[in-house]
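Containing mmCIF, C-alpha atoms and all ligand atoms: my_file.cif.
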```cif
data_model
#
loop_
_atom_site.group_PDB
_atom_site.id
_atom_site.type_symbol
_atom_site.label_atom_id
_atom_site.label_comp_id
_atom_site.auth_asym_id
_atom_site.auth_seq_id
_atom_site.Cartn_x
_atom_site.Cartn_y
_atom_site.Cartn_z
ATOM 1 C CA MET K 1 -11.883 66.997 -61.004
ATOM 2 C CA ARG K 2 -11.678 67.525 -64.741
ATOM 3 C CA LEU K 3 -10.512 64.652 -66.883
ATOM 4 C CA LEU K 4 -9.765 64.526 -70.595
ATOM 5 C CA LEU K 5 -10.790 61.313 -72.321
ATOM 6 C CA VAL K 6 -9.194 60.869 -75.752
ATOM 7 C CA GLU K 7 -10.783 57.921 -77.526
ATOM 8 C CA ASP K 8 -12.052 57.681 -81.115
ATOM 9 C CA ASP K 9 -14.176 54.565 -80.562
ATOM 10 C CA HIS K 10 -17.579 56.136 -79.873
ATOM 11 C CA LEU K 11 -19.096 53.203 -78.022
ATOM 12 C CA LEU K 12 -16.106 52.727 -75.755
ATOM 13 C CA ALA K 13 -15.815 56.488 -75.178
ATOM 14 C CA GLU K 14 -19.482 56.824 -74.240
ATOM 15 C CA SER K 15 -19.459 53.971 -71.785
ATOM 16 C CA LEU K 16 -16.144 55.089 -70.242
ATOM 17 C CA ALA K 17 -17.334 58.684 -69.945
ATOM 18 C CA SER K 18 -20.491 57.678 -68.116
ATOM 19 C CA GLN K 19 -18.575 55.458 -65.684
ATOM 20 C CA LEU K 20 -15.931 58.107 -65.083
ATOM 21 C CA LYS K 21 -18.672 60.635 -64.330
ATOM 22 C CA LYS K 22 -20.225 58.233 -61.855
ATOM 23 C CA ALA K 23 -16.813 57.944 -60.217
ATOM 24 C CA GLY K 24 -16.796 61.700 -59.637
ATOM 25 C CA PHE K 25 -14.919 63.126 -62.637
ATOM 26 C CA SER K 26 -16.080 65.884 -64.911
ATOM 27 C CA VAL K 27 -15.214 64.490 -68.354
ATOM 28 C CA GLU K 28 -14.141 66.303 -71.532
ATOM 29 C CA GLU K 29 -14.081 64.094 -74.593
ATOM 30 C CA ALA K 30 -11.813 64.303 -77.625
ATOM 31 C CA ARG K 31 -12.149 62.016 -80.649
ATOM 32 C CA THR K 32 -9.097 63.193 -82.591
ATOM 33 C CA ALA K 33 -5.474 64.148 -81.930
ATOM 34 C CA LYS K 34 -6.278 67.718 -82.939
ATOM 35 C CA GLU K 35 -9.117 68.015 -80.417
ATOM 36 C CA ALA K 36 -6.937 66.424 -77.742
ATOM 37 C CA LEU K 37 -4.168 68.977 -78.306
ATOM 38 C CA THR K 38 -6.599 71.889 -78.145
ATOM 39 C CA LEU K 39 -8.524 70.738 -75.070
ATOM 40 C CA GLY K 40 -5.310 69.766 -73.245
ATOM 41 C CA GLN K 41 -4.003 73.297 -73.662
ATOM 42 C CA GLN K 42 -7.177 75.283 -73.155
ATOM 43 C CA GLU K 43 -8.846 73.510 -70.287
ATOM 44 C CA ASP K 44 -7.765 73.067 -66.700
ATOM 45 C CA ILE K 45 -7.234 69.298 -66.976
ATOM 46 C CA GLN K 46 -6.230 67.238 -63.907
ATOM 47 C CA ALA K 47 -5.592 63.979 -65.770
ATOM 48 C CA ALA K 48 -5.961 62.407 -69.216
ATOM 49 C CA VAL K 49 -6.806 58.960 -70.544
ATOM 50 C CA LEU K 50 -5.206 58.761 -73.979
ATOM 51 C CA ASP K 51 -5.853 56.192 -76.705
ATOM 52 C CA LEU K 52 -2.827 55.856 -79.008
ATOM 53 C CA GLY K 53 -4.542 54.956 -82.289
ATOM 54 C CA LEU K 54 -6.376 58.113 -83.338
ATOM 55 C CA PRO K 55 -7.848 58.815 -86.817
ATOM 56 C CA ASP K 56 -5.635 61.827 -87.500
ATOM 57 C CA GLY K 57 -2.437 60.800 -85.750
ATOM 58 C CA ASN K 58 -0.722 58.940 -82.949
ATOM 59 C CA GLY K 59 -1.597 59.602 -79.315
ATOM 60 C CA LEU K 60 2.129 59.502 -78.537
ATOM 61 C CA ASP K 61 2.644 62.668 -80.599
ATOM 62 C CA VAL K 62 -0.171 64.335 -78.657
ATOM 63 C CA LEU K 63 1.546 63.374 -75.412
ATOM 64 C CA LEU K 64 4.917 64.669 -76.643
ATOM 65 C CA GLN K 65 3.303 67.974 -77.641
ATOM 66 C CA TRP K 66 1.600 68.344 -74.246
ATOM 67 C CA ARG K 67 4.847 67.719 -72.405
ATOM 68 C CA LYS K 68 6.723 70.093 -74.724
ATOM 69 C CA LYS K 69 4.219 72.772 -73.722
ATOM 70 C CA GLN K 70 4.909 72.045 -70.033
ATOM 71 C CA LEU K 71 1.511 70.430 -69.462
ATOM 72 C CA GLU K 72 2.284 68.117 -66.568
ATOM 73 C CA PHE K 73 -1.090 66.511 -65.787
ATOM 74 C CA PRO K 74 -0.838 62.730 -65.338
ATOM 75 C CA VAL K 75 -1.573 60.687 -68.464
ATOM 76 C CA LEU K 76 -2.730 57.095 -68.638
ATOM 77 C CA ILE K 77 -2.355 55.609 -72.111
ATOM 78 C CA LEU K 78 -4.530 52.894 -73.631
ATOM 79 C CA THR K 79 -2.516 50.410 -75.700
ATOM 80 C CA ALA K 80 -3.272 47.308 -77.737
ATOM 81 C CA ARG K 81 -2.817 44.112 -75.754
ATOM 82 C CA GLY K 82 0.689 42.686 -76.009
ATOM 83 C CA ASN K 83 2.186 45.696 -77.725
ATOM 84 C CA TRP K 84 5.142 46.252 -75.414
ATOM 85 C CA GLN K 85 6.758 48.830 -77.718
ATOM 86 C CA ASP K 86 3.733 51.082 -77.248
ATOM 87 C CA LYS K 87 4.054 50.813 -73.489
ATOM 88 C CA VAL K 88 7.784 51.586 -73.504
ATOM 89 C CA ASN K 89 7.409 54.455 -75.961
ATOM 90 C CA GLY K 90 4.464 55.823 -74.012
ATOM 91 C CA LEU K 91 6.331 55.846 -70.721
ATOM 92 C CA LYS K 92 9.345 57.414 -72.425
ATOM 93 C CA ALA K 93 7.131 60.118 -73.915
ATOM 94 C CA GLY K 94 5.926 61.075 -70.428
ATOM 95 C CA ALA K 95 2.946 58.813 -69.713
ATOM 96 C CA ASP K 96 2.423 57.927 -66.055
ATOM 97 C CA ASP K 97 0.831 54.533 -66.572
ATOM 98 C CA TYR K 98 -0.732 52.375 -69.261
ATOM 99 C CA LEU K 99 -3.576 49.938 -69.638
ATOM 100 C CA ALA K 100 -3.928 47.280 -72.366
ATOM 101 C CA LYS K 101 -7.265 46.922 -74.182
ATOM 102 C CA PRO K 102 -9.633 45.302 -73.410
ATOM 103 C CA PHE K 103 -9.702 46.252 -69.735
ATOM 104 C CA GLN K 104 -12.101 46.402 -66.808
ATOM 105 C CA THR K 105 -13.310 49.892 -65.937
ATOM 106 C CA GLU K 106 -12.507 49.160 -62.286
ATOM 107 C CA GLU K 107 -8.847 48.738 -63.181
ATOM 108 C CA LEU K 108 -8.878 51.967 -65.167
ATOM 109 C CA LEU K 109 -10.371 53.836 -62.198
ATOM 110 C CA ALA K 110 -7.897 52.321 -59.746
ATOM 111 C CA ARG K 111 -4.920 53.220 -61.954
ATOM 112 C CA LEU K 112 -6.280 56.692 -62.621
ATOM 113 C CA ASN K 113 -6.743 57.401 -58.928
ATOM 114 C CA ALA K 114 -3.242 56.059 -58.273
ATOM 115 C CA VAL K 115 -1.571 58.392 -60.806
ATOM 116 C CA LEU K 116 -3.631 61.297 -59.452
ATOM 117 C CA ARG K 117 -2.536 60.521 -55.899
ATOM 118 C CA ARG K 118 1.102 60.400 -56.993
ATOM 119 C CA SER K 119 0.754 63.682 -58.861
ATOM 120 C CA GLN K 120 -0.672 65.249 -55.681
ATOM 121 C CA GLY K 121 2.067 63.699 -53.539
ATOM 122 C CA ARG K 122 -0.255 61.356 -51.627
ATOM 123 C CA SER K 123 0.170 57.638 -51.050
ATOM 124 C CA GLN K 124 -3.295 56.831 -49.663
ATOM 125 C CA SER K 125 -6.764 57.035 -51.154
ATOM 126 C CA LEU K 126 -7.835 59.257 -48.255
ATOM 127 C CA ILE K 127 -7.778 63.028 -48.391
ATOM 128 C CA LYS K 128 -7.412 64.520 -44.939
ATOM 129 C CA ALA K 129 -8.111 68.132 -44.128
ATOM 130 C CA GLY K 130 -8.849 69.436 -40.652
ATOM 131 C CA HIS K 131 -10.804 66.771 -38.794
ATOM 132 C CA PHE K 132 -12.340 65.399 -41.966
ATOM 133 C CA GLU K 133 -11.380 62.515 -44.219
ATOM 134 C CA LEU K 134 -12.627 61.931 -47.735
ATOM 135 C CA ASP K 135 -12.493 58.348 -48.974
ATOM 136 C CA GLU K 136 -11.925 58.324 -52.746
ATOM 137 C CA ASN K 137 -12.804 54.690 -53.230
ATOM 138 C CA ARG K 138 -16.233 54.950 -51.630
ATOM 139 C CA GLN K 139 -17.010 58.673 -52.095
ATOM 140 C CA VAL K 140 -17.685 58.874 -48.376
ATOM 141 C CA LEU K 141 -16.877 61.641 -45.899
ATOM 142 C CA LYS K 142 -15.729 60.645 -42.439
ATOM 143 C CA GLN K 143 -16.486 63.222 -39.755
ATOM 144 C CA ARG K 144 -14.610 63.969 -36.555
ATOM 145 C CA ASP K 145 -16.891 61.735 -34.462
ATOM 146 C CA GLY K 146 -16.137 58.811 -36.791
ATOM 147 C CA SER K 147 -19.529 58.822 -38.488
ATOM 148 C CA GLU K 148 -19.690 58.560 -42.248
ATOM 149 C CA VAL K 149 -21.749 60.482 -44.795
ATOM 150 C CA SER K 150 -22.322 59.326 -48.373
ATOM 151 C CA LEU K 151 -22.077 62.177 -50.843
ATOM 152 C CA THR K 152 -23.780 62.691 -54.187
ATOM 153 C CA GLY K 153 -21.478 62.847 -57.234
ATOM 154 C CA THR K 154 -21.489 66.643 -57.360
ATOM 155 C CA GLU K 155 -21.069 67.107 -53.601
ATOM 156 C CA TYR K 156 -18.125 64.705 -53.708
ATOM 157 C CA ARG K 157 -16.435 66.419 -56.663
ATOM 158 C CA LEU K 158 -16.788 69.852 -55.089
ATOM 159 C CA LEU K 159 -15.510 68.743 -51.703
ATOM 160 C CA HIS K 160 -12.672 66.752 -53.299
ATOM 161 C CA CYS K 161 -11.509 69.881 -55.076
ATOM 162 C CA LEU K 162 -11.609 72.052 -51.914
ATOM 163 C CA MET K 163 -10.125 69.447 -49.549
ATOM 164 C CA SER K 164 -7.271 68.540 -51.938
ATOM 165 C CA ARG K 165 -5.834 72.009 -51.378
ATOM 166 C CA PRO K 166 -7.045 73.327 -48.025
ATOM 167 C CA GLY K 167 -6.555 77.049 -47.611
ATOM 168 C CA GLN K 168 -6.410 77.690 -51.346
ATOM 169 C CA ILE K 169 -9.082 80.013 -52.718
ATOM 170 C CA PHE K 170 -11.121 78.717 -55.643
ATOM 171 C CA SER K 171 -13.283 81.094 -57.650
ATOM 172 C CA LYS K 172 -16.797 80.048 -58.622
ATOM 173 C CA GLU K 173 -15.605 79.758 -62.226
ATOM 174 C CA GLN K 174 -12.749 77.423 -61.260
ATOM 175 C CA LEU K 175 -15.102 75.255 -59.235
ATOM 176 C CA LYS K 176 -17.626 75.140 -62.075
ATOM 177 C CA ASP K 177 -14.854 73.997 -64.429
ATOM 178 C CA GLN K 178 -13.996 71.114 -62.117
ATOM 179 C CA LEU K 179 -17.622 70.090 -61.669
ATOM 180 C CA TYR K 180 -19.102 70.395 -65.124
ATOM 181 C CA SER K 181 -17.915 69.649 -68.631
ATOM 182 C CA LEU K 182 -17.911 72.217 -71.435
ATOM 183 C CA ASN K 183 -21.247 71.177 -72.921
ATOM 184 C CA GLU K 184 -23.080 71.534 -69.622
ATOM 185 C CA SER K 185 -24.205 75.005 -68.636
ATOM 186 C CA PRO K 186 -25.118 75.111 -64.966
ATOM 187 C CA GLY K 187 -26.848 78.189 -63.591
ATOM 188 C CA ASP K 188 -24.921 80.973 -61.884
ATOM 189 C CA ASN K 189 -25.895 80.087 -58.341
ATOM 190 C CA VAL K 190 -25.302 76.338 -58.595
ATOM 191 C CA ILE K 191 -21.972 76.542 -56.739
ATOM 192 C CA GLU K 192 -23.538 78.594 -53.936
ATOM 193 C CA ALA K 193 -26.305 76.004 -53.626
ATOM 194 C CA TYR K 194 -23.816 73.144 -53.313
ATOM 195 C CA ILE K 195 -21.605 75.047 -50.867
ATOM 196 C CA LEU K 196 -24.710 75.525 -48.718
ATOM 197 C CA ARG K 197 -25.413 71.791 -48.811
ATOM 198 C CA LEU K 198 -21.817 70.942 -47.893
ATOM 199 C CA ARG K 199 -21.906 73.404 -44.994
ATOM 200 C CA LYS K 200 -24.991 71.638 -43.681
ATOM 201 C CA ILE K 201 -23.019 68.397 -43.651
ATOM 202 C CA LEU K 202 -19.629 69.683 -42.457
ATOM 203 C CA GLY K 203 -20.676 72.622 -40.323
ATOM 204 C CA SER K 204 -20.771 76.284 -41.278
ATOM 205 C CA GLN K 205 -17.081 76.973 -40.573
ATOM 206 C CA ALA K 206 -15.620 74.227 -42.771
ATOM 207 C CA ILE K 207 -15.845 76.177 -46.015
ATOM 208 C CA LEU K 208 -14.949 79.848 -45.911
ATOM 209 C CA THR K 209 -16.309 82.504 -48.247
ATOM 210 C CA ARG K 210 -13.712 84.989 -49.479
ATOM 211 C CA ARG K 211 -15.742 87.933 -50.608
ATOM 212 C CA GLY K 212 -15.263 88.655 -54.298
ATOM 213 C CA GLN K 213 -12.727 85.832 -54.631
ATOM 214 C CA GLY K 214 -14.365 82.503 -53.964
ATOM 215 C CA TYR K 215 -14.232 79.699 -51.419
ATOM 216 C CA SER K 216 -11.590 77.818 -49.482
ATOM 217 C CA PHE K 217 -11.552 74.818 -47.185
ATOM 218 C CA ASN K 218 -10.788 75.787 -43.609
ATOM 219 C CA HIS K 219 -8.144 73.307 -42.380
ATOM 220 C CA GLU K 220 -8.436 74.636 -38.861
ATOM 221 C CA VAL K 221 -11.895 73.174 -38.272
HETATM 222 CA CA CA L 1 -8.397 54.058 -81.388
#
```

Translate this structure into structure tokens?
Ligand code: CA
Amino acid sequence: MRLLLVEDDHLLAESLASQLKKAGFSVEEARTAKEALTLGQQEDIQAAVLDLGLPDGNGLDVLLQWRKKQLEFPVLILTARGNWQDKVNGLKAGADDYLAKPFQTEELLARLNAVLRRSQGRSQSLIKAGHFELDENRQVLKQRDGSEVSLTGTEYRLLHCLMSRPGQIFSKEQLKDQLYSLNESPGDNVIEAYILRLRKILGSQAILTRRGQGYSFNHEV
């Protein structure tokens, strides 16, 4: 799942990015309002964390521009502690939630997953497809016999993408976009390799190959 992190404080951005990656996101980083506008429009972003105080402008204007361009991904804004006007203005501008600095990364992750669930029309942190359940909080797959499998970060991200929309076909390019950020350049057969690994875990029928198109999760398994 691709996330845009807009934060001009390098230290904070670096530590957040590494924790978000551990939590299963592929992270694009923007340091300025200009970069944020460009990446928000060009990339297939599923959610954004947006700092309001940026060197070349206000994050609120970025948010307003995104919404004006019909970009509907959920946005969590980072505000200064106690600044209630920022929170109100942010929500009015189309933010889905806010977090006051300084904050615990665990709270950021919990809020982020909550806005993502709402944007996908789910109320639980479990994704169910066929006989399988994916637990977002623990990155664990529950199988039909009740046993649980821990997944690596990449396995989890790939399966999360497929199971979120069972039946939908994802091309290799789309899956690569959700798994890797722009500055990573995975090899051409990396998706095939991970699909193979997931099939070993879930069974060969769980993920279907659509020749020339891509892959889809089989909700009938
Ligand atoms: Ca800032």

Using only C-alpha atoms and all ligand atoms, tabulate the residues of chain K lying at most 8 Å from any atom of ligand CA 1 (chain L), each with its closest atom pair and that distance in Å to one decimal, by chain and increasing residue number, as CSV.
```
residue,atom,partner,partner_atom,distance
K:Glu7,CA,L:CA1,CA,6.0
K:Asp8,CA,L:CA1,CA,5.2
K:Asp9,CA,L:CA1,CA,5.9
K:Asp51,CA,L:CA1,CA,5.7
K:Leu52,CA,L:CA1,CA,6.3
K:Gly53,CA,L:CA1,CA,4.1
K:Leu54,CA,L:CA1,CA,4.9
K:Pro55,CA,L:CA1,CA,7.2
```

Residue subset to file, keeping C-alpha atoms, as a PDB file, in the coordinates of the input:
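Below is the file again.pdb, written as the result:
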```pdb
ATOM      1  CA  GLU K   7     -10.783  57.921 -77.526  1.00  0.00           C
ATOM      2  CA  ASP K   8     -12.052  57.681 -81.115  1.00  0.00           C
ATOM      3  CA  ASP K   9     -14.176  54.565 -80.562  1.00  0.00           C
ATOM      4  CA  ASP K  51      -5.853  56.192 -76.705  1.00  0.00           C
ATOM      5  CA  LEU K  52      -2.827  55.856 -79.008  1.00  0.00           C
ATOM      6  CA  GLY K  53      -4.542  54.956 -82.289  1.00  0.00           C
ATOM      7  CA  LEU K  54      -6.376  58.113 -83.338  1.00  0.00           C
ATOM      8  CA  PRO K  55      -7.848  58.815 -86.817  1.00  0.00           C
TER       9      PRO K  55
END
```

Please provide the set of residues having any atom within 9 Å of stretch 86-95 of chain K, restricted to all atoms listed in the file, with same-chain residues fewer than 5 positions apart removed, written as a PyMOL selection string.
chain K and resi 52+59-61+63-64+67+72+74-80+100

Those selected residues, please, written with C-alpha atoms and delivered as a compact mmCIF listing (two decimals), keeping the file's coordinate frame.
```
# COMPACT_ATOMS: atom_id res chain seq x y z
CA LEU K 52 -2.83 55.86 -79.01
CA GLY K 59 -1.60 59.60 -79.32
CA LEU K 60 2.13 59.50 -78.54
CA ASP K 61 2.64 62.67 -80.60
CA LEU K 63 1.55 63.37 -75.41
CA LEU K 64 4.92 64.67 -76.64
CA ARG K 67 4.85 67.72 -72.40
CA GLU K 72 2.28 68.12 -66.57
CA PRO K 74 -0.84 62.73 -65.34
CA VAL K 75 -1.57 60.69 -68.46
CA LEU K 76 -2.73 57.10 -68.64
CA ILE K 77 -2.36 55.61 -72.11
CA LEU K 78 -4.53 52.89 -73.63
CA THR K 79 -2.52 50.41 -75.70
CA ALA K 80 -3.27 47.31 -77.74
CA ALA K 100 -3.93 47.28 -72.37
```

Pairwise distance for atom CA of K:Gly214 and atom CA of K:Met1, rounded to one decimal in Å
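Computing the Euclidean distance for atom CA of K:Gly214 and atom CA of K:Met1 yields 17.2 Å.
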
For K:Leu141, work out the shell of residues within 9 Å, counting only C-alpha atoms and skipping chain neighbours fewer than 3 positions away, then give it as number ranges by chain.
K: 132-135, 138, 147-151, 156

Contacts of K:Gln178 within 12 Å, all atoms listed in the file, excl. fewer than 6 positions in-chain, as a PyMOL selection string
chain K and resi 1-4+21+24-28+43-47+154-162+170-172+184+191

So which residues touch K:Ser204 within 10 Å, counting all atoms listed in the file, skipping near sequence neighbours fewer than 5 positions away, as a list of chain:residue names?
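After dropping sequence-adjacent residues, the list is K:Ile195, K:Leu196, K:Arg197, K:Leu198, K:Arg199, K:Val221.
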
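With distances restricted to only C-alpha atoms, K:Arg144 is the closest residue to K:Gly130 from K:Lys22, K:Arg118, K:Arg144, K:Lys200.
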
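Going from atom CA of K:Ala33 to atom CA of K:Leu50 covers 9.6 Å.
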
Who sits within 12 Å of K:Gly187, all atoms listed in the file, same chain under 4 positions skipped, as number ranges by chain
K: 172-173, 176, 180, 191-194

For stretch 41-74 of chain K, write C-alpha atoms out as a PDB file, in the first residue's frame.
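Output contents, as saved in out06.pdb:
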```
ATOM      1  CA  GLN K  41      -1.104  13.697  -8.556  1.00  0.00           C
ATOM      2  CA  GLN K  42       1.349  11.418 -10.309  1.00  0.00           C
ATOM      3  CA  GLU K  43       1.511   8.425  -8.034  1.00  0.00           C
ATOM      4  CA  ASP K  44      -1.138   5.922  -7.063  1.00  0.00           C
ATOM      5  CA  ILE K  45      -1.307   7.016  -3.411  1.00  0.00           C
ATOM      6  CA  GLN K  46      -3.571   5.180  -0.926  1.00  0.00           C
ATOM      7  CA  ALA K  47      -3.095   7.613   1.964  1.00  0.00           C
ATOM      8  CA  ALA K  48      -1.051  10.660   2.975  1.00  0.00           C
ATOM      9  CA  VAL K  49       0.477  11.950   6.195  1.00  0.00           C
ATOM     10  CA  LEU K  50       0.731  15.712   5.776  1.00  0.00           C
ATOM     11  CA  ASP K  51       2.717  18.163   7.897  1.00  0.00           C
ATOM     12  CA  LEU K  52       1.185  21.656   7.740  1.00  0.00           C
ATOM     13  CA  GLY K  53       4.302  23.807   8.168  1.00  0.00           C
ATOM     14  CA  LEU K  54       6.275  23.327   4.958  1.00  0.00           C
ATOM     15  CA  PRO K  55       9.204  25.508   3.764  1.00  0.00           C
ATOM     16  CA  ASP K  56       7.462  26.679   0.597  1.00  0.00           C
ATOM     17  CA  GLY K  57       3.864  26.869   1.765  1.00  0.00           C
ATOM     18  CA  ASN K  58       1.098  25.574   3.982  1.00  0.00           C
ATOM     19  CA  GLY K  59       0.093  21.914   3.948  1.00  0.00           C
ATOM     20  CA  LEU K  60      -3.542  23.048   4.024  1.00  0.00           C
ATOM     21  CA  ASP K  61      -3.140  24.568   0.551  1.00  0.00           C
ATOM     22  CA  VAL K  62      -1.677  21.275  -0.671  1.00  0.00           C
ATOM     23  CA  LEU K  63      -4.698  19.455   0.731  1.00  0.00           C
ATOM     24  CA  LEU K  64      -7.117  21.928  -0.877  1.00  0.00           C
ATOM     25  CA  GLN K  65      -5.367  21.486  -4.233  1.00  0.00           C
ATOM     26  CA  TRP K  66      -5.519  17.681  -3.986  1.00  0.00           C
ATOM     27  CA  ARG K  67      -9.221  17.752  -3.201  1.00  0.00           C
ATOM     28  CA  LYS K  68      -9.854  20.274  -5.988  1.00  0.00           C
ATOM     29  CA  LYS K  69      -8.257  17.780  -8.371  1.00  0.00           C
ATOM     30  CA  GLN K  70     -10.600  15.045  -7.088  1.00  0.00           C
ATOM     31  CA  LEU K  71      -7.827  13.179  -5.271  1.00  0.00           C
ATOM     32  CA  GLU K  72      -9.793  11.423  -2.555  1.00  0.00           C
ATOM     33  CA  PHE K  73      -7.142   9.386  -0.713  1.00  0.00           C
ATOM     34  CA  PRO K  74      -7.414   9.723   3.078  1.00  0.00           C
TER      35      PRO K  74
END
```
